[in-house]
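Structure file coords.txt with compact mmCIF, N, CA and C atoms:
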# COMPACT_ATOMS: atom_id res chain seq x y z
N MET M 1 -24.83 -14.85 3.34
CA MET M 1 -24.59 -13.55 3.94
C MET M 1 -24.22 -12.55 2.84
N THR M 2 -24.90 -11.42 2.84
CA THR M 2 -24.62 -10.38 1.88
C THR M 2 -23.53 -9.47 2.42
N LEU M 3 -22.52 -9.26 1.61
CA LEU M 3 -21.41 -8.39 2.02
C LEU M 3 -21.74 -6.94 1.69
N PRO M 4 -21.29 -6.01 2.54
CA PRO M 4 -21.49 -4.60 2.22
C PRO M 4 -20.71 -4.20 0.98
N THR M 5 -21.32 -3.35 0.17
CA THR M 5 -20.62 -2.79 -0.98
C THR M 5 -19.99 -1.48 -0.55
N LEU M 6 -18.71 -1.36 -0.78
CA LEU M 6 -17.93 -0.20 -0.38
C LEU M 6 -17.44 0.53 -1.62
N THR M 7 -17.15 1.80 -1.46
CA THR M 7 -16.43 2.54 -2.49
C THR M 7 -15.00 2.67 -2.01
N VAL M 8 -14.08 2.12 -2.75
CA VAL M 8 -12.66 2.17 -2.39
C VAL M 8 -11.99 3.22 -3.26
N ARG M 9 -11.28 4.15 -2.60
CA ARG M 9 -10.54 5.19 -3.31
C ARG M 9 -9.06 5.01 -3.03
N TYR M 10 -8.26 5.09 -4.09
CA TYR M 10 -6.82 4.89 -4.00
C TYR M 10 -6.10 6.22 -4.12
N PHE M 11 -5.04 6.40 -3.33
CA PHE M 11 -4.25 7.61 -3.37
C PHE M 11 -2.77 7.27 -3.55
N ALA M 12 -2.06 8.15 -4.26
CA ALA M 12 -0.60 8.09 -4.44
C ALA M 12 -0.15 6.70 -4.89
N GLY M 13 0.78 6.09 -4.14
CA GLY M 13 1.34 4.80 -4.52
C GLY M 13 0.32 3.68 -4.58
N ALA M 14 -0.77 3.79 -3.81
CA ALA M 14 -1.82 2.78 -3.88
C ALA M 14 -2.50 2.83 -5.24
N ARG M 15 -2.71 4.05 -5.76
CA ARG M 15 -3.32 4.19 -7.08
C ARG M 15 -2.40 3.59 -8.14
N ALA M 16 -1.12 3.87 -8.04
CA ALA M 16 -0.17 3.32 -9.01
C ALA M 16 -0.16 1.80 -8.95
N ALA M 17 -0.19 1.23 -7.74
CA ALA M 17 -0.16 -0.22 -7.58
C ALA M 17 -1.46 -0.88 -8.04
N ALA M 18 -2.55 -0.09 -8.09
CA ALA M 18 -3.84 -0.60 -8.58
C ALA M 18 -4.02 -0.26 -10.05
N ASN M 19 -2.91 -0.11 -10.76
CA ASN M 19 -2.91 0.14 -12.20
C ASN M 19 -3.65 1.41 -12.59
N GLY M 20 -3.53 2.44 -11.73
CA GLY M 20 -4.12 3.73 -12.04
C GLY M 20 -5.58 3.88 -11.66
N THR M 21 -6.15 2.86 -11.05
CA THR M 21 -7.55 2.94 -10.64
C THR M 21 -7.70 4.01 -9.57
N ARG M 22 -8.67 4.90 -9.74
CA ARG M 22 -8.91 5.96 -8.76
C ARG M 22 -9.94 5.52 -7.72
N SER M 23 -10.97 4.82 -8.16
CA SER M 23 -12.07 4.45 -7.28
C SER M 23 -12.78 3.26 -7.90
N GLU M 24 -13.31 2.38 -7.04
CA GLU M 24 -14.06 1.23 -7.54
C GLU M 24 -14.92 0.65 -6.43
N PRO M 25 -16.03 0.01 -6.79
CA PRO M 25 -16.85 -0.67 -5.79
C PRO M 25 -16.25 -2.03 -5.46
N VAL M 26 -16.32 -2.40 -4.19
CA VAL M 26 -15.81 -3.70 -3.72
C VAL M 26 -16.74 -4.19 -2.62
N GLU M 27 -17.03 -5.47 -2.62
CA GLU M 27 -17.78 -6.08 -1.52
C GLU M 27 -16.80 -6.70 -0.55
N ALA M 28 -16.89 -6.29 0.72
CA ALA M 28 -15.99 -6.83 1.75
C ALA M 28 -16.61 -6.59 3.12
N ALA M 29 -16.33 -7.50 4.05
CA ALA M 29 -16.91 -7.42 5.39
C ALA M 29 -16.03 -6.64 6.36
N THR M 30 -14.69 -6.76 6.21
CA THR M 30 -13.73 -6.13 7.13
C THR M 30 -12.57 -5.59 6.30
N LEU M 31 -11.69 -4.84 6.93
CA LEU M 31 -10.49 -4.38 6.22
C LEU M 31 -9.60 -5.55 5.84
N ASP M 32 -9.48 -6.55 6.70
CA ASP M 32 -8.70 -7.74 6.34
C ASP M 32 -9.26 -8.39 5.08
N ASP M 33 -10.57 -8.53 5.03
CA ASP M 33 -11.24 -9.10 3.86
C ASP M 33 -11.01 -8.21 2.64
N LEU M 34 -11.15 -6.91 2.82
CA LEU M 34 -10.94 -5.97 1.73
C LEU M 34 -9.54 -6.06 1.16
N LYS M 35 -8.54 -6.10 2.03
CA LYS M 35 -7.15 -6.18 1.57
C LYS M 35 -6.92 -7.44 0.74
N GLN M 36 -7.48 -8.56 1.17
CA GLN M 36 -7.32 -9.81 0.42
C GLN M 36 -8.00 -9.72 -0.94
N ARG M 37 -9.20 -9.19 -0.96
CA ARG M 37 -9.95 -9.07 -2.23
C ARG M 37 -9.23 -8.14 -3.21
N LEU M 38 -8.69 -7.04 -2.69
CA LEU M 38 -7.99 -6.10 -3.57
C LEU M 38 -6.67 -6.69 -4.07
N THR M 39 -5.98 -7.44 -3.23
CA THR M 39 -4.75 -8.11 -3.66
C THR M 39 -5.07 -9.14 -4.74
N ASP M 40 -6.15 -9.90 -4.55
CA ASP M 40 -6.57 -10.88 -5.56
C ASP M 40 -6.93 -10.19 -6.88
N ARG M 41 -7.55 -9.02 -6.79
CA ARG M 41 -8.01 -8.30 -7.98
C ARG M 41 -6.86 -7.62 -8.73
N HIS M 42 -5.93 -6.99 -7.97
CA HIS M 42 -4.91 -6.15 -8.60
C HIS M 42 -3.49 -6.71 -8.54
N GLY M 43 -3.26 -7.72 -7.72
CA GLY M 43 -1.94 -8.33 -7.67
C GLY M 43 -1.13 -7.99 -6.43
N GLU M 44 -0.03 -8.70 -6.30
CA GLU M 44 0.80 -8.62 -5.10
C GLU M 44 1.45 -7.25 -4.91
N ARG M 45 1.67 -6.53 -6.00
CA ARG M 45 2.23 -5.17 -5.86
C ARG M 45 1.33 -4.32 -4.97
N LEU M 46 0.02 -4.37 -5.20
CA LEU M 46 -0.92 -3.65 -4.33
C LEU M 46 -0.94 -4.27 -2.94
N GLY M 47 -0.84 -5.58 -2.85
CA GLY M 47 -0.84 -6.25 -1.55
C GLY M 47 0.27 -5.74 -0.65
N VAL M 48 1.44 -5.48 -1.22
CA VAL M 48 2.57 -4.94 -0.45
C VAL M 48 2.23 -3.54 0.07
N VAL M 49 1.64 -2.72 -0.79
CA VAL M 49 1.25 -1.37 -0.39
C VAL M 49 0.21 -1.43 0.73
N LEU M 50 -0.75 -2.34 0.61
CA LEU M 50 -1.82 -2.43 1.61
C LEU M 50 -1.31 -2.81 2.99
N LYS M 51 -0.22 -3.55 3.04
CA LYS M 51 0.35 -3.95 4.34
C LYS M 51 0.84 -2.74 5.13
N ALA M 52 1.27 -1.68 4.44
CA ALA M 52 1.81 -0.50 5.11
C ALA M 52 0.84 0.69 5.11
N ALA M 53 -0.29 0.55 4.42
CA ALA M 53 -1.21 1.67 4.22
C ALA M 53 -2.02 1.98 5.48
N SER M 54 -2.53 3.20 5.50
CA SER M 54 -3.54 3.62 6.47
C SER M 54 -4.88 3.60 5.76
N PHE M 55 -5.94 3.38 6.53
CA PHE M 55 -7.28 3.30 5.96
C PHE M 55 -8.20 4.28 6.67
N LEU M 56 -8.93 5.04 5.88
CA LEU M 56 -9.98 5.91 6.41
C LEU M 56 -11.31 5.30 5.99
N VAL M 57 -12.20 5.12 6.95
CA VAL M 57 -13.54 4.62 6.66
C VAL M 57 -14.50 5.78 6.93
N ASP M 58 -15.11 6.26 5.87
CA ASP M 58 -15.97 7.44 5.95
C ASP M 58 -15.26 8.60 6.64
N GLY M 59 -13.97 8.77 6.30
CA GLY M 59 -13.19 9.89 6.80
C GLY M 59 -12.53 9.70 8.15
N LEU M 60 -12.75 8.57 8.80
CA LEU M 60 -12.17 8.31 10.11
C LEU M 60 -11.13 7.20 10.03
N THR M 61 -10.00 7.40 10.68
CA THR M 61 -8.95 6.39 10.70
C THR M 61 -9.48 5.11 11.33
N CYS M 62 -9.19 3.99 10.69
CA CYS M 62 -9.63 2.69 11.21
C CYS M 62 -8.40 1.82 11.41
N HIS M 63 -8.15 1.43 12.65
CA HIS M 63 -7.00 0.59 12.98
C HIS M 63 -7.40 -0.88 13.17
N ASP M 64 -8.68 -1.14 13.44
CA ASP M 64 -9.15 -2.49 13.71
C ASP M 64 -9.46 -3.18 12.38
N GLN M 65 -8.53 -4.00 11.93
CA GLN M 65 -8.65 -4.66 10.63
C GLN M 65 -9.77 -5.70 10.59
N ALA M 66 -10.27 -6.12 11.77
CA ALA M 66 -11.32 -7.13 11.82
C ALA M 66 -12.69 -6.54 12.12
N ALA M 67 -12.79 -5.23 12.28
CA ALA M 67 -14.08 -4.60 12.58
C ALA M 67 -14.99 -4.66 11.35
N PRO M 68 -16.28 -4.90 11.56
CA PRO M 68 -17.21 -4.92 10.43
C PRO M 68 -17.27 -3.55 9.75
N LEU M 69 -17.30 -3.55 8.44
CA LEU M 69 -17.42 -2.30 7.68
C LEU M 69 -18.89 -2.02 7.38
N PRO M 70 -19.30 -0.76 7.52
CA PRO M 70 -20.71 -0.43 7.24
C PRO M 70 -20.99 -0.43 5.73
N ALA M 71 -22.20 -0.81 5.37
CA ALA M 71 -22.61 -0.77 3.98
C ALA M 71 -22.51 0.64 3.44
N ASP M 72 -22.15 0.76 2.19
CA ASP M 72 -22.05 2.04 1.49
C ASP M 72 -20.96 2.95 2.03
N ALA M 73 -20.03 2.41 2.80
CA ALA M 73 -18.92 3.22 3.33
C ALA M 73 -17.94 3.54 2.20
N THR M 74 -17.21 4.63 2.38
CA THR M 74 -16.11 4.97 1.50
C THR M 74 -14.82 4.67 2.25
N VAL M 75 -13.96 3.87 1.64
CA VAL M 75 -12.69 3.51 2.25
C VAL M 75 -11.57 4.14 1.42
N ASP M 76 -10.81 5.02 2.07
CA ASP M 76 -9.66 5.64 1.42
C ASP M 76 -8.41 4.88 1.80
N ILE M 77 -7.59 4.55 0.80
CA ILE M 77 -6.34 3.83 1.04
C ILE M 77 -5.20 4.83 0.85
N LEU M 78 -4.47 5.06 1.95
CA LEU M 78 -3.40 6.05 1.97
C LEU M 78 -2.08 5.35 2.27
N PRO M 79 -1.21 5.20 1.28
CA PRO M 79 0.10 4.60 1.55
C PRO M 79 0.96 5.58 2.35
N PRO M 80 2.04 5.09 2.95
CA PRO M 80 2.94 6.00 3.65
C PRO M 80 3.48 7.05 2.67
N PHE M 81 3.53 8.27 3.11
CA PHE M 81 4.02 9.36 2.26
C PHE M 81 5.43 9.73 2.69
N ALA M 82 6.28 10.02 1.73
CA ALA M 82 7.63 10.47 2.02
C ALA M 82 7.67 11.99 2.05
N GLY M 83 8.67 12.53 2.65
CA GLY M 83 8.82 13.98 2.65
C GLY M 83 8.54 14.57 4.01
N GLY M 84 8.56 15.88 4.06
CA GLY M 84 8.39 16.53 5.36
C GLY M 84 7.37 17.58 5.40
Could I get this file's structure written as structure tokens?
Amino acid sequence: MTLPTLTVRYFAGARAAANGTRSEPVEAATLDDLKQRLTDRHGERLGVVLKAASFLVDGLTCHDQAAPLPADATVDILPPFAGG
């Protein structure tokens, strides 16, 4: 089975936890799969951020972590933001 290739973009604390990476290609079938692959790639510090993060798939909020991701989608990782 060929996995979709996604463009993952990191923002704020997610970028810091991914060692300053702004964007990178990743192959993953679902958000659950993506989170595991990114944790394996960048370490547990990012894994902690991913547990609390929101995800936008092609600009739309995605809450279903098991939903199939479309090929060539852009996934934005947005950690919780502080402030008002």
Give me, as JSON lines, the closest atom pair and its distance (Å, one decimal) for every residue of segment 34-68 of chain M within a cut-off of 6 Å of segment 2-18 of chain M, counting only C-alpha atoms, rows sorted by chain and rising number.
{"residue": "M:His42", "atom": "CA", "partner": "M:Ala18", "partner_atom": "CA", "distance": 5.7}
{"residue": "M:Arg45", "atom": "CA", "partner": "M:Ala17", "partner_atom": "CA", "distance": 5.8}
{"residue": "M:Leu46", "atom": "CA", "partner": "M:Ala17", "partner_atom": "CA", "distance": 4.8}
Residues of chain M in strand (DSSP E or B), written as a PDB file with N, CA and C atoms, in the frame of the given file:
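Output below, filename out_36.pdb:
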ATOM      1  N   THR M   5     -21.320  -3.350   0.170  1.00  0.00           N
ATOM      2  CA  THR M   5     -20.620  -2.790  -0.980  1.00  0.00           C
ATOM      3  C   THR M   5     -19.990  -1.480  -0.550  1.00  0.00           C
ATOM      4  N   LEU M   6     -18.710  -1.360  -0.780  1.00  0.00           N
ATOM      5  CA  LEU M   6     -17.930  -0.200  -0.380  1.00  0.00           C
ATOM      6  C   LEU M   6     -17.440   0.530  -1.620  1.00  0.00           C
ATOM      7  N   THR M   7     -17.150   1.800  -1.460  1.00  0.00           N
ATOM      8  CA  THR M   7     -16.430   2.540  -2.490  1.00  0.00           C
ATOM      9  C   THR M   7     -15.000   2.670  -2.010  1.00  0.00           C
ATOM     10  N   VAL M   8     -14.080   2.120  -2.750  1.00  0.00           N
ATOM     11  CA  VAL M   8     -12.660   2.170  -2.390  1.00  0.00           C
ATOM     12  C   VAL M   8     -11.990   3.220  -3.260  1.00  0.00           C
ATOM     13  N   ARG M   9     -11.280   4.150  -2.600  1.00  0.00           N
ATOM     14  CA  ARG M   9     -10.540   5.190  -3.310  1.00  0.00           C
ATOM     15  C   ARG M   9      -9.060   5.010  -3.030  1.00  0.00           C
ATOM     16  N   TYR M  10      -8.260   5.090  -4.090  1.00  0.00           N
ATOM     17  CA  TYR M  10      -6.820   4.890  -4.000  1.00  0.00           C
ATOM     18  C   TYR M  10      -6.100   6.220  -4.120  1.00  0.00           C
ATOM     19  N   SER M  23     -10.970   4.820  -8.160  1.00  0.00           N
ATOM     20  CA  SER M  23     -12.070   4.450  -7.280  1.00  0.00           C
ATOM     21  C   SER M  23     -12.780   3.260  -7.900  1.00  0.00           C
ATOM     22  N   GLU M  24     -13.310   2.380  -7.040  1.00  0.00           N
ATOM     23  CA  GLU M  24     -14.060   1.230  -7.540  1.00  0.00           C
ATOM     24  C   GLU M  24     -14.920   0.650  -6.430  1.00  0.00           C
ATOM     25  N   PRO M  25     -16.030   0.010  -6.790  1.00  0.00           N
ATOM     26  CA  PRO M  25     -16.850  -0.670  -5.790  1.00  0.00           C
ATOM     27  C   PRO M  25     -16.250  -2.030  -5.460  1.00  0.00           C
ATOM     28  N   VAL M  26     -16.320  -2.400  -4.190  1.00  0.00           N
ATOM     29  CA  VAL M  26     -15.810  -3.700  -3.720  1.00  0.00           C
ATOM     30  C   VAL M  26     -16.740  -4.190  -2.620  1.00  0.00           C
ATOM     31  N   GLU M  27     -17.030  -5.470  -2.620  1.00  0.00           N
ATOM     32  CA  GLU M  27     -17.780  -6.080  -1.520  1.00  0.00           C
ATOM     33  C   GLU M  27     -16.800  -6.700  -0.550  1.00  0.00           C
ATOM     34  N   SER M  54      -2.530   3.200   5.500  1.00  0.00           N
ATOM     35  CA  SER M  54      -3.540   3.620   6.470  1.00  0.00           C
ATOM     36  C   SER M  54      -4.880   3.600   5.760  1.00  0.00           C
ATOM     37  N   PHE M  55      -5.940   3.380   6.530  1.00  0.00           N
ATOM     38  CA  PHE M  55      -7.280   3.300   5.960  1.00  0.00           C
ATOM     39  C   PHE M  55      -8.200   4.280   6.670  1.00  0.00           C
ATOM     40  N   LEU M  56      -8.930   5.040   5.880  1.00  0.00           N
ATOM     41  CA  LEU M  56      -9.980   5.910   6.410  1.00  0.00           C
ATOM     42  C   LEU M  56     -11.310   5.300   5.990  1.00  0.00           C
ATOM     43  N   VAL M  57     -12.200   5.120   6.950  1.00  0.00           N
ATOM     44  CA  VAL M  57     -13.540   4.620   6.660  1.00  0.00           C
ATOM     45  C   VAL M  57     -14.500   5.780   6.930  1.00  0.00           C
ATOM     46  N   LEU M  60     -12.750   8.570   8.800  1.00  0.00           N
ATOM     47  CA  LEU M  60     -12.170   8.310  10.110  1.00  0.00           C
ATOM     48  C   LEU M  60     -11.130   7.200  10.030  1.00  0.00           C
ATOM     49  N   THR M  61     -10.000   7.400  10.680  1.00  0.00           N
ATOM     50  CA  THR M  61      -8.950   6.390  10.700  1.00  0.00           C
ATOM     51  C   THR M  61      -9.480   5.110  11.330  1.00  0.00           C
ATOM     52  N   THR M  74     -17.210   4.630   2.380  1.00  0.00           N
ATOM     53  CA  THR M  74     -16.110   4.970   1.500  1.00  0.00           C
ATOM     54  C   THR M  74     -14.820   4.670   2.250  1.00  0.00           C
ATOM     55  N   VAL M  75     -13.960   3.870   1.640  1.00  0.00           N
ATOM     56  CA  VAL M  75     -12.690   3.510   2.250  1.00  0.00           C
ATOM     57  C   VAL M  75     -11.570   4.140   1.420  1.00  0.00           C
ATOM     58  N   ASP M  76     -10.810   5.020   2.070  1.00  0.00           N
ATOM     59  CA  ASP M  76      -9.660   5.640   1.420  1.00  0.00           C
ATOM     60  C   ASP M  76      -8.410   4.880   1.800  1.00  0.00           C
ATOM     61  N   ILE M  77      -7.590   4.550   0.800  1.00  0.00           N
ATOM     62  CA  ILE M  77      -6.340   3.830   1.040  1.00  0.00           C
ATOM     63  C   ILE M  77      -5.200   4.830   0.850  1.00  0.00           C
ATOM     64  N   LEU M  78      -4.470   5.060   1.950  1.00  0.00           N
ATOM     65  CA  LEU M  78      -3.400   6.050   1.970  1.00  0.00           C
ATOM     66  C   LEU M  78      -2.080   5.350   2.270  1.00  0.00           C
TER      67      LEU M  78
END
### Message
What does the structure give for the distance between atom CA of Thr61 of chain M and atom CA of Val48 of chain M, in Å to one decimal?
### Response
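Computed distance, atom CA of Thr61 of chain M to atom CA of Val48 of chain M, equals 19.6 Å.
The interatomic distance for the pair atom CA of Thr74 of chain M and atom CA of Val57 of chain M works out to 5.8 Å.
For the pair atom C of Leu31 of chain M and atom CA of Gln65 of chain M, the interatomic distance is 5.0 Å.
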